[in-house]
Amino acid sequence: MTQSKIRPWIINALVAAMYVVLCLGPAAFSLASGAIQFRVSEGLNHLAVFNRKYIWGIVGGVVLFDAFGPGASLLNVLFGGGQSLLALLILTWIAPKLKTVWQRMVLNIFLFTISMFMIAIMITLMSSGVAFWPTYLTTALSELIIMTITAPIMYALDRVMHFSDRIG
Amino acid sequence: MMSKLIFGRYIPGDSLIHRMDPRAKLLLSFYFIGIIFIANNWQTYALLFAFTLAAITLSGVKWSFFINGVKPLIWLILFTVILQILFSASGGKVYWHWGIITISQLGLVNGVYIFCRFVLIIFMSTLLTLTTPPLELSDAIEYILMPLKAVHFPVYEVALMLSIALRFVPTLMDETEKIMNAQRARGVDFGEGNLFQQMRAIVPLLIPLFVSSFNRAEDLATAMEARGYQGGEGRSKFRILKWHARDAWVTLGFAVLTAALVFLRA
């Protein structure tokens, strides 16, 4: 690792820490609990729209929360981390072909909503597979709602923070 | 409010489980999740529960920590169990039937088994995190990911990132609490109203949190650069992981458990 490459990793570390804090914070005021979850931290997934280097921090945050958060389980780590990684890798592949940030955000919302099938698979793996579709619909719906709500917030934050310039 | 939440909570101790190598604990925890799926009757689930309870007792960690580990997921577990009971293929005695919904003996039994699977996975994962310091787990992840270096995966960098993130979670939690209190003093009601209103209340929390986190990151990066940090390659380790005989014995215990599960399986 050369000196110029340290900065993005440290920023990603803080993004991962922020992801965990946002997961724990809203849970305290009952936004992220129950069968349908609304994790405000999912809004951080939009960071990859501004610069793909944020993928490490986002996936790192998911892995840390699923590994050490309340109700942690290693199965969550595999499937939760895998779902985020899958959606973000497809995003970085397609996003350069899209012109505006809004188009990329819509793509990101779509990818995260669709990729919730991995979470549904995880849950149905533990329940012999019969409950896949109701589980998929509810988890995908919660992801669609929270990522749609957080998109304009992240867009506005980027106007202040200039996310892409920060990570270089 | 936030200080009551458990994240990466390590309960210090001197039990066999505490003294195990974190790599062994991490790998065996994953292995345990795999062998749970061998269980398919009450005898195999009873054996898994007995094994887990013995491990918890051996760790000397209070039961309340494990019960608290299940609580945040209880609604998700019950939701899954209810779906399983209602939409499971009918088998055995049918108690109630309406359209595609059937409550049968098989559905109820499967519902109980699913509940057991969730609880076992959460208990074993909780045991891992309660008996292993987060930084040791980060070291174990680094070690386990090492083969990926062959495909140019940035193992050292990812381990560094996870360690720094773990270090900064409590700091950012405190910061968030301060910001929340400051916003509350200005009349913001967190958790009040519908989802959109709750989200609106969170916006004034996000901006200072982002600014503060990015500033911290830049300060830390500058400090590390100033001290000539060059990455993990060739660096010596402060925490050295060592595989002991006890790790081999526990691994053997898991092998015996697997054999017993296969034997008892219906």
# chains A, B, ... in the order shown; residues from 1 in each chain; ligands from 1
>>> residues_around(residues="Ile207 (chain B)", least_positions_apart="4", cutoff="9 Å", atoms="only C-alpha atoms", output="PyMOL selection string")
(chain A and resi 157+160-161) or (chain B and resi 203+211-212)
>>> closest_atom_pairs(of="chain B", to="chain A", cutoff="6 Å", atoms="only C-alpha atoms", output="CSV")
residue,atom,partner,partner_atom,distance
B:Phe7,CA,A:Gly69,CA,4.9
B:Gly8,CA,A:Phe68,CA,4.6
B:Gly69,CA,A:Gly71,CA,4.6
B:Val70,CA,A:Gly71,CA,5.5
B:Pro72,CA,A:Gly71,CA,5.7
B:Leu73,CA,A:Gly71,CA,5.8
B:Trp75,CA,A:Gly34,CA,5.1
B:Leu76,CA,A:Ala35,CA,4.4
B:Leu83,CA,A:Ala131,CA,5.9
B:Ile114,CA,A:Ser127,CA,5.6
B:Ile122,CA,A:Ser73,CA,5.3
B:Ser125,CA,A:Ser73,CA,5.1
B:Met161,CA,A:Ala13,CA,4.6
B:Ile164,CA,A:Ala13,CA,5.8
B:Ala165,CA,A:Ala13,CA,4.6
B:Val169,CA,A:Ala17,CA,5.0
B:Met173,CA,A:Val21,CA,5.9
B:Gly191,CA,A:Phe29,CA,5.0
B:Ala217,CA,A:Ile11,CA,5.2
B:Ala221,CA,A:Arg7,CA,5.3
B:Glu225,CA,A:Gln3,CA,5.9
B:Gln230,CA,A:Met1,CA,5.6
B:Gly231,CA,A:Met1,CA,4.7
>>> write_last_selection(atoms="C-alpha atoms", output="CSV table (one decimal), in the first residue's frame")
chain,number,residue,atom,x,y,z
B,7,PHE,CA,-22.3,-4.1,19.6
B,8,GLY,CA,-19.1,-6.2,19.4
B,69,GLY,CA,-29.2,-11.8,21.3
B,70,VAL,CA,-32.4,-13.4,20.2
B,72,PRO,CA,-34.0,-8.2,18.3
B,73,LEU,CA,-34.8,-10.9,15.8
B,75,TRP,CA,-40.3,-10.8,15.1
B,76,LEU,CA,-38.4,-11.9,12.1
B,83,LEU,CA,-45.3,-18.5,7.2
B,114,ILE,CA,-37.2,-23.6,12.2
B,122,ILE,CA,-27.9,-16.9,17.0
B,125,SER,CA,-22.8,-16.6,16.8
B,161,MET,CA,-10.4,-1.1,7.4
B,164,ILE,CA,-10.4,1.0,12.3
B,165,ALA,CA,-14.1,0.7,11.8
B,169,VAL,CA,-18.0,2.6,16.3
B,173,MET,CA,-22.0,6.3,18.7
B,191,GLY,CA,-39.1,8.3,16.3
B,217,ALA,CA,-10.9,10.0,8.5
B,221,ALA,CA,-5.1,9.3,7.2
B,225,GLU,CA,0.9,9.1,6.3
B,230,GLN,CA,3.2,1.7,4.3
B,231,GLY,CA,0.6,-1.0,4.6
>>> atom_distance(atom1="CA of Ser163 (chain B)", atom2="CA of Asp139 (chain B)")
8.5 Å
>>> select_by_dssp(residues="region 95-187 of chain B", states="strand (DSSP E)", output="VMD selection string")
chain B and resid 95 to 98 101 to 104
>>> write_last_selection(atoms="C-alpha atoms", output="tab-separated table (two decimals), in the first residue's frame")
chain	number	residue	atom	x	y	z
B	95	TYR	CA	-56.06	-29.18	11.72
B	96	TRP	CA	-57.35	-26.39	9.48
B	97	HIS	CA	-57.54	-25.78	5.75
B	98	TRP	CA	-58.65	-22.73	3.77
B	101	ILE	CA	-53.48	-22.06	3.78
B	102	THR	CA	-53.14	-25.32	5.66
B	103	ILE	CA	-52.27	-25.90	9.27
B	104	SER	CA	-51.04	-29.43	9.57
